[in-house]
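Visitor: Input file: protein-v4.cif. Contents: mmCIF, C-alpha atoms.
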```
data_structure
#
loop_
_atom_site.label_atom_id
_atom_site.label_comp_id
_atom_site.auth_asym_id
_atom_site.auth_seq_id
_atom_site.Cartn_x
_atom_site.Cartn_y
_atom_site.Cartn_z
CA MET Q 1 -43.68 21.11 0.33
CA LEU Q 2 -39.99 21.19 -0.65
CA LYS Q 3 -39.02 20.97 3.02
CA LYS Q 4 -41.19 17.87 3.44
CA TRP Q 5 -39.64 16.17 0.40
CA LYS Q 6 -36.14 16.96 1.62
CA LYS Q 7 -36.89 15.16 4.87
CA ILE Q 8 -38.04 12.11 2.93
CA VAL Q 9 -34.90 12.12 0.80
CA TYR Q 10 -32.61 12.44 3.81
CA ARG Q 11 -34.29 9.44 5.44
CA MET Q 12 -33.85 7.19 2.43
CA THR Q 13 -31.78 4.06 2.95
CA SER Q 14 -31.86 2.76 -0.62
CA ILE Q 15 -28.56 2.80 -2.40
CA SER Q 16 -27.58 5.98 -4.23
CA ALA Q 17 -31.13 7.21 -4.75
CA VAL Q 18 -31.28 10.36 -6.86
CA CYS Q 19 -34.24 12.74 -6.89
CA LEU Q 20 -34.90 15.95 -8.84
CA ILE Q 21 -36.82 18.40 -6.65
CA SER Q 22 -37.41 21.99 -7.75
CA GLY Q 23 -34.49 21.72 -10.12
CA VAL Q 24 -32.07 20.52 -7.45
CA TRP Q 25 -30.49 17.04 -7.53
CA LEU Q 26 -30.41 15.37 -4.12
CA VAL Q 27 -28.18 12.30 -3.85
CA ASP Q 28 -28.04 10.10 -0.78
CA ALA Q 29 -24.78 8.58 0.43
CA HIS Q 30 -23.76 5.01 -0.43
CA ALA Q 31 -25.06 2.34 1.92
CA ASP Q 32 -22.51 1.14 4.46
CA ILE Q 33 -20.11 -1.55 3.28
CA LYS Q 34 -20.74 -4.71 5.29
CA ILE Q 35 -17.93 -7.16 6.01
CA GLY Q 36 -18.81 -10.51 7.58
CA VAL Q 37 -16.01 -12.02 9.69
CA THR Q 38 -15.99 -15.58 11.03
CA VAL Q 39 -12.99 -16.69 13.09
CA SER Q 40 -12.21 -19.50 15.52
CA ALA Q 41 -12.14 -17.46 18.72
CA THR Q 42 -12.88 -20.61 20.76
CA GLY Q 43 -12.24 -24.32 20.27
CA SER Q 44 -9.06 -26.10 19.19
CA ALA Q 45 -7.87 -23.20 17.00
CA ALA Q 46 -8.58 -20.47 19.58
CA SER Q 47 -4.91 -19.54 20.01
CA ILE Q 48 -4.94 -18.58 16.33
CA GLY Q 49 -8.45 -17.20 16.00
CA MET Q 50 -8.28 -14.86 18.97
CA ALA Q 51 -5.30 -13.04 17.44
CA GLN Q 52 -7.33 -12.60 14.27
CA LYS Q 53 -10.41 -11.39 16.13
CA MET Q 54 -8.38 -8.78 18.02
CA THR Q 55 -6.76 -7.60 14.79
CA ILE Q 56 -10.14 -7.14 13.09
CA GLU Q 57 -10.86 -4.58 15.81
CA LEU Q 58 -7.88 -2.56 14.53
CA LEU Q 59 -9.09 -2.34 10.92
CA PRO Q 60 -10.41 1.00 9.60
CA THR Q 61 -14.10 1.81 10.02
CA GLU Q 62 -14.03 4.06 6.97
CA ILE Q 63 -12.48 3.48 3.54
CA ALA Q 64 -12.64 6.01 0.67
CA GLY Q 65 -15.08 8.06 2.72
CA GLN Q 66 -17.40 5.08 3.11
CA LYS Q 67 -18.41 3.65 6.48
CA ILE Q 68 -17.42 0.01 7.08
CA ASP Q 69 -19.55 -2.26 9.27
CA TYR Q 70 -17.87 -5.42 10.58
CA ILE Q 71 -20.11 -8.28 11.66
CA VAL Q 72 -17.87 -10.63 13.68
CA LEU Q 73 -18.92 -14.17 14.65
CA ASP Q 74 -17.12 -17.05 16.38
CA ASP Q 75 -17.28 -20.44 14.62
CA ALA Q 76 -15.68 -22.27 17.57
CA SER Q 77 -13.19 -24.05 15.24
CA ASP Q 78 -16.15 -25.99 13.78
CA PRO Q 79 -16.57 -26.13 9.98
CA THR Q 80 -20.33 -26.68 10.37
CA LEU Q 81 -20.68 -23.48 12.38
CA ALA Q 82 -18.47 -21.62 9.90
CA VAL Q 83 -20.90 -22.60 7.15
CA LYS Q 84 -23.82 -21.45 9.30
CA ASN Q 85 -22.07 -18.10 9.79
CA ILE Q 86 -21.41 -17.48 6.11
CA ARG Q 87 -24.98 -18.46 5.27
CA ARG Q 88 -26.18 -15.83 7.71
CA PHE Q 89 -23.79 -13.24 6.27
CA THR Q 90 -24.95 -13.79 2.70
CA SER Q 91 -28.68 -14.46 3.20
CA GLU Q 92 -29.56 -12.23 6.16
CA ASP Q 93 -26.87 -9.57 6.57
CA ASN Q 94 -26.33 -8.99 2.84
CA VAL Q 95 -22.58 -8.53 3.31
CA ASP Q 96 -20.34 -7.34 0.50
CA VAL Q 97 -17.38 -9.56 1.42
CA VAL Q 98 -16.49 -12.26 3.95
CA ILE Q 99 -13.24 -12.62 5.91
CA GLY Q 100 -12.50 -16.07 7.36
CA SER Q 101 -12.29 -18.61 8.57
CA THR Q 102 -9.27 -19.40 10.73
CA THR Q 103 -8.80 -23.08 9.82
CA SER Q 104 -8.47 -24.82 6.48
CA PRO Q 105 -11.39 -27.26 7.04
CA ALA Q 106 -13.72 -24.39 7.92
CA SER Q 107 -12.55 -22.25 5.00
CA LEU Q 108 -12.97 -25.10 2.53
CA ALA Q 109 -16.47 -25.72 3.84
CA MET Q 110 -17.34 -22.06 3.17
CA VAL Q 111 -16.25 -22.00 -0.48
CA ASP Q 112 -19.54 -23.31 -1.90
CA ILE Q 113 -21.60 -20.63 -0.12
CA ALA Q 114 -19.26 -17.85 -1.23
CA SER Q 115 -19.59 -19.04 -4.82
CA GLN Q 116 -23.36 -19.60 -4.74
CA SER Q 117 -23.96 -16.14 -3.30
CA THR Q 118 -21.30 -14.49 -5.51
CA THR Q 119 -19.66 -13.02 -2.43
CA PRO Q 120 -15.87 -12.48 -2.33
CA MET Q 121 -14.24 -14.39 0.52
CA ILE Q 122 -10.77 -13.81 1.98
CA SER Q 123 -9.65 -16.86 3.93
CA LEU Q 124 -7.24 -16.59 6.86
CA ALA Q 125 -6.19 -20.25 6.56
CA ALA Q 126 -3.09 -21.69 4.95
CA SER Q 127 -4.06 -24.67 2.80
CA ALA Q 128 -3.34 -24.14 -0.89
CA SER Q 129 -6.46 -26.19 -1.72
CA ILE Q 130 -8.61 -23.25 -0.59
CA VAL Q 131 -7.62 -21.38 -3.77
CA GLU Q 132 -6.18 -24.17 -5.94
CA PRO Q 133 -6.84 -25.47 -8.49
CA MET Q 134 -8.72 -22.48 -9.81
CA ASP Q 135 -12.29 -23.29 -10.85
CA ALA Q 136 -15.73 -21.68 -11.06
CA LYS Q 137 -16.13 -21.77 -7.27
CA ARG Q 138 -12.67 -20.59 -6.27
CA VAL Q 139 -12.84 -17.49 -8.46
CA TRP Q 140 -14.67 -15.93 -5.48
CA VAL Q 141 -12.08 -17.01 -2.92
CA PHE Q 142 -8.80 -15.40 -1.88
CA LYS Q 143 -6.42 -15.97 1.05
CA THR Q 144 -3.75 -14.06 2.94
CA PRO Q 145 -1.52 -16.75 4.54
CA GLN Q 146 1.32 -18.25 2.56
CA ASN Q 147 0.33 -21.38 0.63
CA ASP Q 148 1.64 -24.59 2.14
CA ASP Q 149 3.46 -25.45 -1.10
CA LEU Q 150 5.51 -22.25 -0.77
CA MET Q 151 6.43 -23.13 2.82
CA SER Q 152 7.01 -26.80 2.03
CA ASP Q 153 9.70 -25.89 -0.49
CA ALA Q 154 11.46 -23.86 2.23
CA ILE Q 155 11.40 -26.85 4.60
CA VAL Q 156 12.83 -29.18 1.98
CA HIS Q 157 15.59 -26.71 1.19
CA SER Q 158 16.46 -26.61 4.88
CA MET Q 159 16.51 -30.41 4.96
CA ASP Q 160 18.81 -30.50 1.94
CA VAL Q 161 21.24 -28.14 3.67
CA ARG Q 162 21.24 -30.47 6.70
CA HIS Q 163 21.64 -33.63 4.56
CA VAL Q 164 18.30 -35.13 5.56
CA LYS Q 165 17.49 -38.25 3.52
CA THR Q 166 14.55 -39.78 5.39
CA VAL Q 167 11.55 -38.11 7.04
CA GLY Q 168 8.67 -39.18 9.23
CA PHE Q 169 5.44 -37.22 8.76
CA ILE Q 170 2.61 -36.69 11.25
CA GLY Q 171 -0.20 -34.24 10.53
CA PHE Q 172 -3.77 -33.32 11.37
CA ASP Q 173 -6.35 -35.78 10.07
CA ASP Q 174 -8.13 -33.03 8.15
CA ALA Q 175 -7.65 -30.75 5.15
CA TYR Q 176 -4.66 -28.99 6.72
CA GLY Q 177 -2.72 -32.20 7.31
CA GLU Q 178 -3.65 -33.77 3.99
CA SER Q 179 -2.78 -30.66 2.01
CA TRP Q 180 0.56 -30.46 3.77
CA PHE Q 181 1.30 -34.13 3.09
CA THR Q 182 0.53 -33.67 -0.60
CA GLU Q 183 2.72 -30.59 -0.96
CA PHE Q 184 5.56 -31.92 1.19
CA LYS Q 185 5.62 -35.23 -0.68
CA ARG Q 186 5.91 -33.35 -3.97
CA SER Q 187 8.74 -31.15 -2.65
CA ALA Q 188 10.54 -34.08 -0.99
CA GLU Q 189 10.46 -36.23 -4.12
CA ARG Q 190 12.15 -33.48 -6.12
CA SER Q 191 15.02 -33.56 -3.62
CA HIS Q 192 15.07 -37.37 -3.34
CA ILE Q 193 14.04 -37.26 0.33
CA LYS Q 194 12.12 -40.38 1.32
CA ILE Q 195 9.04 -40.28 3.55
CA VAL Q 196 9.42 -43.46 5.60
CA ALA Q 197 6.30 -43.08 7.77
CA SER Q 198 3.06 -41.09 7.59
CA GLU Q 199 0.72 -40.70 10.57
CA ARG Q 200 -2.32 -38.57 11.48
CA PHE Q 201 -3.90 -37.18 14.65
CA ALA Q 202 -6.98 -35.15 15.53
CA ARG Q 203 -6.82 -31.55 16.68
CA ASN Q 204 -8.41 -32.46 20.00
CA ASP Q 205 -6.46 -35.69 20.68
CA THR Q 206 -4.92 -36.05 24.13
CA THR Q 207 -2.43 -38.77 23.20
CA VAL Q 208 -0.44 -39.71 20.08
CA THR Q 209 1.83 -42.35 21.64
CA GLY Q 210 0.98 -45.01 19.06
CA GLN Q 211 1.75 -42.74 16.14
CA ALA Q 212 4.99 -41.51 17.75
CA LEU Q 213 6.26 -45.05 18.32
CA LYS Q 214 5.57 -45.96 14.68
CA LEU Q 215 7.55 -42.93 13.54
CA ILE Q 216 10.48 -43.70 15.84
CA ALA Q 217 10.59 -47.31 14.63
CA GLN Q 218 11.52 -46.10 11.14
CA HIS Q 219 14.56 -44.13 12.43
CA PRO Q 220 13.98 -41.04 10.22
CA ASP Q 221 16.61 -38.31 10.02
CA ALA Q 222 13.85 -35.75 10.67
CA VAL Q 223 10.18 -35.52 11.56
CA LEU Q 224 7.74 -32.99 10.09
CA ILE Q 225 4.69 -32.19 12.21
CA ALA Q 226 1.90 -30.66 10.11
CA GLY Q 227 -0.43 -29.07 12.64
CA SER Q 228 -1.45 -25.60 13.71
CA GLY Q 229 -1.71 -23.79 17.01
CA SER Q 230 -0.98 -25.38 20.37
CA PRO Q 231 -2.33 -28.87 19.40
CA ALA Q 232 0.77 -29.27 17.19
CA ALA Q 233 2.91 -29.42 20.34
CA LEU Q 234 1.51 -32.82 21.36
CA PRO Q 235 3.37 -34.98 18.78
CA GLN Q 236 6.66 -33.19 19.46
CA LYS Q 237 6.41 -33.55 23.23
CA THR Q 238 5.49 -37.22 22.80
CA LEU Q 239 8.38 -37.90 20.44
CA LYS Q 240 10.78 -36.18 22.84
CA ALA Q 241 9.44 -38.20 25.77
CA HIS Q 242 10.12 -41.43 23.86
CA GLY Q 243 13.69 -40.50 22.97
CA TYR Q 244 13.55 -39.33 19.37
CA ASN Q 245 16.69 -37.23 18.82
CA GLY Q 246 16.49 -36.40 15.12
CA LEU Q 247 15.63 -33.03 13.59
CA TYR Q 248 12.20 -31.57 14.27
CA TYR Q 249 10.28 -29.46 11.76
CA GLN Q 250 6.94 -27.71 12.21
CA THR Q 251 4.83 -25.71 9.78
CA HIS Q 252 4.00 -22.01 9.88
CA GLY Q 253 0.72 -23.04 11.51
CA VAL Q 254 2.45 -22.94 14.93
CA ALA Q 255 3.96 -19.48 14.70
CA ASN Q 256 2.50 -17.92 17.82
CA ASP Q 257 3.52 -17.48 21.44
CA ASP Q 258 0.90 -19.90 22.75
CA PHE Q 259 2.60 -22.74 20.89
CA LEU Q 260 5.93 -21.77 22.46
CA ARG Q 261 4.32 -21.76 25.89
CA VAL Q 262 2.67 -25.17 25.50
CA CYS Q 263 5.64 -26.88 23.85
CA GLY Q 264 8.21 -25.35 26.19
CA LYS Q 265 11.73 -26.80 26.22
CA ASP Q 266 10.65 -29.72 24.04
CA CYS Q 267 10.60 -27.39 21.03
CA ASN Q 268 14.11 -26.05 21.48
CA GLY Q 269 15.94 -26.40 18.15
CA THR Q 270 12.79 -26.87 16.06
CA LEU Q 271 12.96 -25.49 12.52
CA LEU Q 272 10.04 -23.99 10.60
CA PRO Q 273 9.17 -21.51 7.86
CA VAL Q 274 7.33 -18.35 8.92
CA GLY Q 275 6.25 -15.07 7.45
CA PRO Q 276 8.75 -12.21 7.81
CA LEU Q 277 6.52 -10.44 10.34
CA LEU Q 278 7.44 -12.76 13.18
CA ILE Q 279 11.12 -11.82 13.08
CA SER Q 280 10.87 -8.45 11.33
CA ASP Q 281 13.23 -6.87 13.85
CA GLN Q 282 15.90 -9.36 12.71
CA LEU Q 283 15.49 -8.60 9.00
CA PRO Q 284 17.80 -6.31 7.02
CA ASP Q 285 16.32 -2.89 6.30
CA ASN Q 286 15.94 -3.66 2.58
CA ALA Q 287 13.76 -6.76 3.16
CA PRO Q 288 10.56 -6.31 1.05
CA ALA Q 289 8.18 -7.12 3.91
CA LYS Q 290 9.93 -5.21 6.68
CA ARG Q 291 8.09 -1.91 6.25
CA GLY Q 292 4.65 -3.50 6.27
CA ALA Q 293 5.54 -5.78 9.18
CA LEU Q 294 6.80 -2.92 11.33
CA LEU Q 295 3.65 -0.90 10.58
CA TYR Q 296 1.45 -3.74 11.86
CA ARG Q 297 3.64 -4.07 14.96
CA GLN Q 298 3.28 -0.35 15.63
CA VAL Q 299 -0.51 -0.48 15.30
CA VAL Q 300 -0.75 -3.45 17.67
CA ALA Q 301 1.54 -1.76 20.20
CA ARG Q 302 -0.42 1.49 19.97
CA HIS Q 303 -3.57 -0.36 20.95
CA GLY Q 304 -2.00 -2.16 23.88
CA GLY Q 305 -1.08 -5.46 22.22
CA GLU Q 306 1.86 -7.22 23.83
CA SER Q 307 2.66 -10.04 21.42
CA ILE Q 308 2.84 -10.27 17.64
CA SER Q 309 1.15 -13.13 15.82
CA MET Q 310 1.48 -14.24 12.23
CA PHE Q 311 -2.19 -15.15 12.44
CA GLY Q 312 -3.18 -11.67 13.51
CA SER Q 313 -1.23 -10.34 10.57
CA ASN Q 314 -3.28 -12.54 8.24
CA ALA Q 315 -6.37 -10.60 9.31
CA TRP Q 316 -4.48 -7.31 9.00
CA ASP Q 317 -3.46 -8.17 5.45
CA ALA Q 318 -7.07 -9.03 4.58
CA GLY Q 319 -7.82 -5.46 5.65
CA LEU Q 320 -5.04 -4.13 3.41
CA LEU Q 321 -6.45 -6.04 0.44
CA LEU Q 322 -9.85 -4.47 1.02
CA GLN Q 323 -8.39 -0.99 1.48
CA HIS Q 324 -6.91 -1.46 -1.99
CA ALA Q 325 -9.98 -3.03 -3.63
CA ILE Q 326 -12.91 -1.09 -2.14
CA PRO Q 327 -12.08 2.33 -3.68
CA ILE Q 328 -11.83 0.66 -7.09
CA ALA Q 329 -15.14 -1.18 -6.69
CA LEU Q 330 -16.93 1.98 -5.50
CA LYS Q 331 -16.19 3.61 -8.85
CA ILE Q 332 -18.02 0.78 -10.62
CA ASN Q 333 -21.03 -0.01 -8.45
CA GLN Q 334 -22.57 0.55 -5.04
CA PRO Q 335 -22.43 -1.48 -1.80
CA GLY Q 336 -25.16 -3.98 -1.14
CA SER Q 337 -25.45 -5.01 -4.78
CA ALA Q 338 -24.30 -8.00 -6.80
CA GLY Q 339 -22.50 -5.58 -9.09
CA PHE Q 340 -20.44 -4.20 -6.21
CA ARG Q 341 -19.50 -7.70 -5.05
CA ALA Q 342 -18.41 -8.59 -8.59
CA ALA Q 343 -16.39 -5.38 -8.88
CA LEU Q 344 -14.78 -6.07 -5.53
CA ARG Q 345 -13.83 -9.59 -6.65
CA THR Q 346 -12.23 -8.23 -9.82
CA ALA Q 347 -10.36 -5.55 -7.88
CA LEU Q 348 -8.97 -8.18 -5.50
CA GLU Q 349 -7.92 -10.42 -8.38
CA THR Q 350 -6.02 -7.62 -10.10
CA THR Q 351 -4.09 -6.54 -6.99
CA THR Q 352 -0.43 -5.96 -7.86
CA ASP Q 353 2.65 -4.91 -5.92
CA LEU Q 354 0.74 -4.54 -2.65
CA HIS Q 355 3.16 -4.54 0.29
CA THR Q 356 1.60 -6.29 3.28
CA SER Q 357 2.89 -7.36 6.67
CA GLU Q 358 3.98 -10.71 5.22
CA GLY Q 359 5.24 -9.96 1.73
CA VAL Q 360 4.34 -8.47 -1.64
CA VAL Q 361 1.01 -9.51 -3.17
CA ASN Q 362 0.53 -9.98 -6.91
CA MET Q 363 -2.79 -11.68 -7.63
CA THR Q 364 -3.71 -13.19 -10.98
CA PRO Q 365 -6.78 -15.04 -12.32
CA VAL Q 366 -5.08 -18.33 -11.38
CA ASP Q 367 -3.29 -17.21 -8.20
CA HIS Q 368 -5.54 -15.90 -5.43
CA SER Q 369 -2.79 -15.92 -2.82
CA GLY Q 370 -0.33 -13.77 -4.71
CA LEU Q 371 2.68 -14.32 -2.43
CA ASP Q 372 6.13 -15.50 -3.49
CA GLY Q 373 9.45 -16.37 -1.84
CA ARG Q 374 9.67 -12.90 -0.31
CA ALA Q 375 6.90 -13.98 2.08
CA ARG Q 376 8.88 -16.68 3.91
CA VAL Q 377 11.96 -17.12 6.07
CA MET Q 378 13.26 -20.07 8.06
CA VAL Q 379 13.56 -19.77 11.81
CA LYS Q 380 14.75 -21.92 14.69
CA ILE Q 381 13.17 -21.97 18.13
CA VAL Q 382 15.93 -21.10 20.61
CA ASP Q 383 15.13 -20.89 24.31
CA GLY Q 384 11.50 -20.04 23.67
CA ALA Q 385 12.15 -17.42 20.97
CA TRP Q 386 12.16 -17.29 17.18
CA ARG Q 387 15.63 -16.89 15.63
CA LEU Q 388 16.30 -16.26 11.93
CA THR Q 389 18.44 -18.98 10.33
CA GLU Q 390 20.83 -18.66 7.40
CA ASP Q 391 18.61 -20.87 5.22
#
```
Would you mind writing the file out in structure tokens?

Guide:
Amino acid sequence: MLKKWKKIVYRMTSISAVCLISGVWLVDAHADIKIGVTVSATGSAASIGMAQKMTIELLPTEIAGQKIDYIVLDDASDPTLAVKNIRRFTSEDNVDVVIGSTTSPASLAMVDIASQSTTPMISLAASASIVEPMDAKRVWVFKTPQNDDLMSDAIVHSMDVRHVKTVGFIGFDDAYGESWFTEFKRSAERSHIKIVASERFARNDTTVTGQALKLIAQHPDAVLIAGSGSPAALPQKTLKAHGYNGLYYQTHGVANDDFLRVCGKDCNGTLLPVGPLLISDQLPDNAPAKRGALLYRQVVARHGGESISMFGSNAWDAGLLLQHAIPIALKINQPGSAGFRAALRTALETTTDLHTSEGVVNMTPVDHSGLDGRARVMVKIVDGAWRLTED
């Protein structure tokens, strides 16, 4: 009879079931921790999302002795599909945490579902509006990329150094572009830099000639292009083709090799803020992010990766956050439960002094990004390569 009961106990899949049989306590293992991942592996943001998808494959399959199951879906750069994915994760797969999505519009669309299902979500997108201002919904949402306000301040400082007084702005006609315009306008006003023109374009546009001509007509000292991935090359190539010879700035949303390939010689001399990872080999040895950046590079190289992407590192850093938070949450509750999700959220929110591939993370109840000035550097594109500036 005891043998029969042992077989039943060993087959149990309920979480942390405990049985007393013949005076012996038998305890089953925790259920697997499930992580839902939605990234833009296809569509307009594919050059970003693919790097994230490949990095997810490098994350550990066991944390604190607990098996980790990753459920990875492609949202095709479509916010509607991203919402469908997170609904599946939370209602069918019963995940403990969600990583994604790649773009700001998709991530913003996912916030309501994360909140309604009380599931922690770690976005891989840049817009500060994903985690700000803090409210009852955003308490469940975190992000790994640098906030656009942090990067905007770096751009304005660079403009000050170069005596820029007037700027033309062109950005995506979505949450990414609008968030960048809001943050850049705030930073520019503090430095008395005037935005003389503001234009928008869609991620899948094939021409922006009209917008470029309007920008050129205002004769700005510099132009800031607020886009991400290879689509952000279109305004710059168009401006170049129509003779604009002022300073060009891009955002950290273009920091990958595919952008360099698409933009080619038209991006020579472009200035932009990036995370330290991209130029970690050019950093001094005492740079706070250098150790974490080199570790990520080594892991990628060990698995056959040829190029390093800031966007891949965003997924890697989401993994680091969970490697910190999961052991803490396991001491409080068990995977698959609302209590575990709540404990995981609290553990993420109280993360301090965590060195990642992009900086040092210090979360607070009102700051779910946790990065500071140590997570940014200014670079210039020189002959198809990223070069650290003195800014």

Visitor: Running the PyMOL selection byres ((chain Q and resi 300) around 12) on this model by hand, what would come out? Give it as a list in words.

Guide: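 That selection, the PyMOL selection byres ((chain Q and resi 300) around 12), comes back as Ala51, Gln52, Met54, Thr55, Ile56, Glu57, Leu58, Leu59, Ala293, Leu294, Leu295, Tyr296, Arg297, Gln298, Val299, Ala301, Arg302, His303, Gly304, Gly305, Glu306, Ser307, Ile308, Ser309, Gly312, Ser313 and Trp316 of chain Q.
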
Visitor: Create the file for the chosen residues now, containing C-alpha atoms and written as a compact mmCIF listing (two decimals), keeping the file's coordinate frame.

Guide:
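Listed below is the output, out-v1.txt:
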```
# COMPACT_ATOMS: atom_id res chain seq x y z
CA ALA Q 51 -5.30 -13.04 17.44
CA GLN Q 52 -7.33 -12.60 14.27
CA MET Q 54 -8.38 -8.78 18.02
CA THR Q 55 -6.76 -7.60 14.79
CA ILE Q 56 -10.14 -7.14 13.09
CA GLU Q 57 -10.86 -4.58 15.81
CA LEU Q 58 -7.88 -2.56 14.53
CA LEU Q 59 -9.09 -2.34 10.92
CA ALA Q 293 5.54 -5.78 9.18
CA LEU Q 294 6.80 -2.92 11.33
CA LEU Q 295 3.65 -0.90 10.58
CA TYR Q 296 1.45 -3.74 11.86
CA ARG Q 297 3.64 -4.07 14.96
CA GLN Q 298 3.28 -0.35 15.63
CA VAL Q 299 -0.51 -0.48 15.30
CA ALA Q 301 1.54 -1.76 20.20
CA ARG Q 302 -0.42 1.49 19.97
CA HIS Q 303 -3.57 -0.36 20.95
CA GLY Q 304 -2.00 -2.16 23.88
CA GLY Q 305 -1.08 -5.46 22.22
CA GLU Q 306 1.86 -7.22 23.83
CA SER Q 307 2.66 -10.04 21.42
CA ILE Q 308 2.84 -10.27 17.64
CA SER Q 309 1.15 -13.13 15.82
CA GLY Q 312 -3.18 -11.67 13.51
CA SER Q 313 -1.23 -10.34 10.57
CA TRP Q 316 -4.48 -7.31 9.00
```

Visitor: Can you measure CA of Glu183 in chain Q to CA of Ala212 in chain Q for me? One decimal in Å is fine.

Guide: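 Between CA of Glu183 in chain Q and CA of Ala212 in chain Q the gap is 21.8 Å.
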
Visitor: Got a sec: who's within 6 Å of Thr270 in chain Q, counting all atoms listed in the file, leaving out chain neighbours fewer than 4 positions off, as a list in words?

Guide: Tyr248, Tyr249, Lys380 and Ile381 of chain Q

Visitor: Kindly give the distance, in Å, that separates CA of Leu124 in chain Q and CA of Thr102 in chain Q, rounded to a single decimal.

Guide: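 Atom-to-atom, CA of Leu124 in chain Q to CA of Thr102 in chain Q, that is 5.2 Å.
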
Visitor: If you measure from CA of Lys165 in chain Q to CA of Ala188 in chain Q, what distance in Å do you get, rounded to one decimal?

Guide: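 Going from CA of Lys165 in chain Q over to CA of Ala188 in chain Q, I get 9.3 Å.
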
Visitor: Would you kindly return, as an MDAnalysis selection string, each protein, DNA or RNA residue with an atom no farther than 12 Å from any atom of Ile113 in chain Q, considering only C-alpha atoms and excluding same-chain residues fewer than 5 positions away?

Guide: chainID Q and resid 82:91 97:98 106:108 118:121 137:138 140:141

Visitor: Assuming the chain letters and numbering stay as they are in my file, what does the PyMOL selection byres ((chain Q and resi 353) around 12) actually select? List them as a list in words.

Guide: Pro288, Ala289, Leu321, His324, Thr350, Thr351, Thr352, Leu354, His355, Thr356, Gly359, Val360, Val361, Asn362, Met363, Thr364, Gly370, Leu371 and Asp372 of chain Q

Visitor: Would you mind exporting C-alpha atoms of the selected residues as a PDB file, in the frame of the given file?

Guide:
```
ATOM      1  CA  PRO Q 288      10.560  -6.310   1.050  1.00  0.00           C
ATOM      2  CA  ALA Q 289       8.180  -7.120   3.910  1.00  0.00           C
ATOM      3  CA  LEU Q 321      -6.450  -6.040   0.440  1.00  0.00           C
ATOM      4  CA  HIS Q 324      -6.910  -1.460  -1.990  1.00  0.00           C
ATOM      5  CA  THR Q 350      -6.020  -7.620 -10.100  1.00  0.00           C
ATOM      6  CA  THR Q 351      -4.090  -6.540  -6.990  1.00  0.00           C
ATOM      7  CA  THR Q 352      -0.430  -5.960  -7.860  1.00  0.00           C
ATOM      8  CA  LEU Q 354       0.740  -4.540  -2.650  1.00  0.00           C
ATOM      9  CA  HIS Q 355       3.160  -4.540   0.290  1.00  0.00           C
ATOM     10  CA  THR Q 356       1.600  -6.290   3.280  1.00  0.00           C
ATOM     11  CA  GLY Q 359       5.240  -9.960   1.730  1.00  0.00           C
ATOM     12  CA  VAL Q 360       4.340  -8.470  -1.640  1.00  0.00           C
ATOM     13  CA  VAL Q 361       1.010  -9.510  -3.170  1.00  0.00           C
ATOM     14  CA  ASN Q 362       0.530  -9.980  -6.910  1.00  0.00           C
ATOM     15  CA  MET Q 363      -2.790 -11.680  -7.630  1.00  0.00           C
ATOM     16  CA  THR Q 364      -3.710 -13.190 -10.980  1.00  0.00           C
ATOM     17  CA  GLY Q 370      -0.330 -13.770  -4.710  1.00  0.00           C
ATOM     18  CA  LEU Q 371       2.680 -14.320  -2.430  1.00  0.00           C
ATOM     19  CA  ASP Q 372       6.130 -15.500  -3.490  1.00  0.00           C
TER      20      ASP Q 372
END
```

Visitor: Give me the residues near range 216-222 of chain Q as a VMD selection string, where near means some atom within 7 Å (using only C-alpha atoms) and where sequence neighbours in that chain fewer than 2 positions away do not count.

Guide: chain Q and resid 164 to 168 196 to 197 212 to 214 224 244 246 to 248

Visitor: Would you write out those residues with C-alpha atoms, as an mmCIF file, in the coordinates of the input?

Guide:
```cif
data_model
loop_
_atom_site.group_PDB
_atom_site.id
_atom_site.type_symbol
_atom_site.label_atom_id
_atom_site.label_comp_id
_atom_site.auth_asym_id
_atom_site.auth_seq_id
_atom_site.Cartn_x
_atom_site.Cartn_y
_atom_site.Cartn_z
ATOM 1 C CA VAL Q 164 18.300 -35.130 5.560
ATOM 2 C CA LYS Q 165 17.490 -38.250 3.520
ATOM 3 C CA THR Q 166 14.550 -39.780 5.390
ATOM 4 C CA VAL Q 167 11.550 -38.110 7.040
ATOM 5 C CA GLY Q 168 8.670 -39.180 9.230
ATOM 6 C CA VAL Q 196 9.420 -43.460 5.600
ATOM 7 C CA ALA Q 197 6.300 -43.080 7.770
ATOM 8 C CA ALA Q 212 4.990 -41.510 17.750
ATOM 9 C CA LEU Q 213 6.260 -45.050 18.320
ATOM 10 C CA LYS Q 214 5.570 -45.960 14.680
ATOM 11 C CA LEU Q 224 7.740 -32.990 10.090
ATOM 12 C CA TYR Q 244 13.550 -39.330 19.370
ATOM 13 C CA GLY Q 246 16.490 -36.400 15.120
ATOM 14 C CA LEU Q 247 15.630 -33.030 13.590
ATOM 15 C CA TYR Q 248 12.200 -31.570 14.270
#
```

Visitor: As a list in words, please: the residues near His252 in chain Q (cut-off 8 Å, only C-alpha atoms, same-chain neighbours under 5 positions excluded).

Guide: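 The residues that qualify are Met151, Ser228, Leu272, Pro273, Val274 and Gly275 of chain Q.
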
Visitor: Considering only C-alpha atoms, can you say which of Q:Leu283, Q:Ala329, Q:Ile99, Q:Ala125 comes closest to Arg387 in chain Q?

Guide: Q:Leu283

Visitor: I'd like the box whose edges run along x, y and z of the file and which contains every listed atom of range 32-47 of chain Q, padded by 5 Å per side; could you state its centre and edge lengths in Å, one decimal, as JSON?

Guide:
```
{"center_x": -13.7, "center_y": -12.5, "center_z": 12.0, "size_x": 27.6, "size_y": 37.2, "size_z": 27.5}
```

Visitor: Under the rule that all atoms listed in the file are counted, which of Q:Thr209, Q:Ser123, Q:Thr251, Q:Asn314 is the nearest residue to Phe172 in chain Q?

Guide: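 Among Q:Thr209, Q:Ser123, Q:Thr251, Q:Asn314, it is Q:Thr251 that comes nearest to Phe172 in chain Q.
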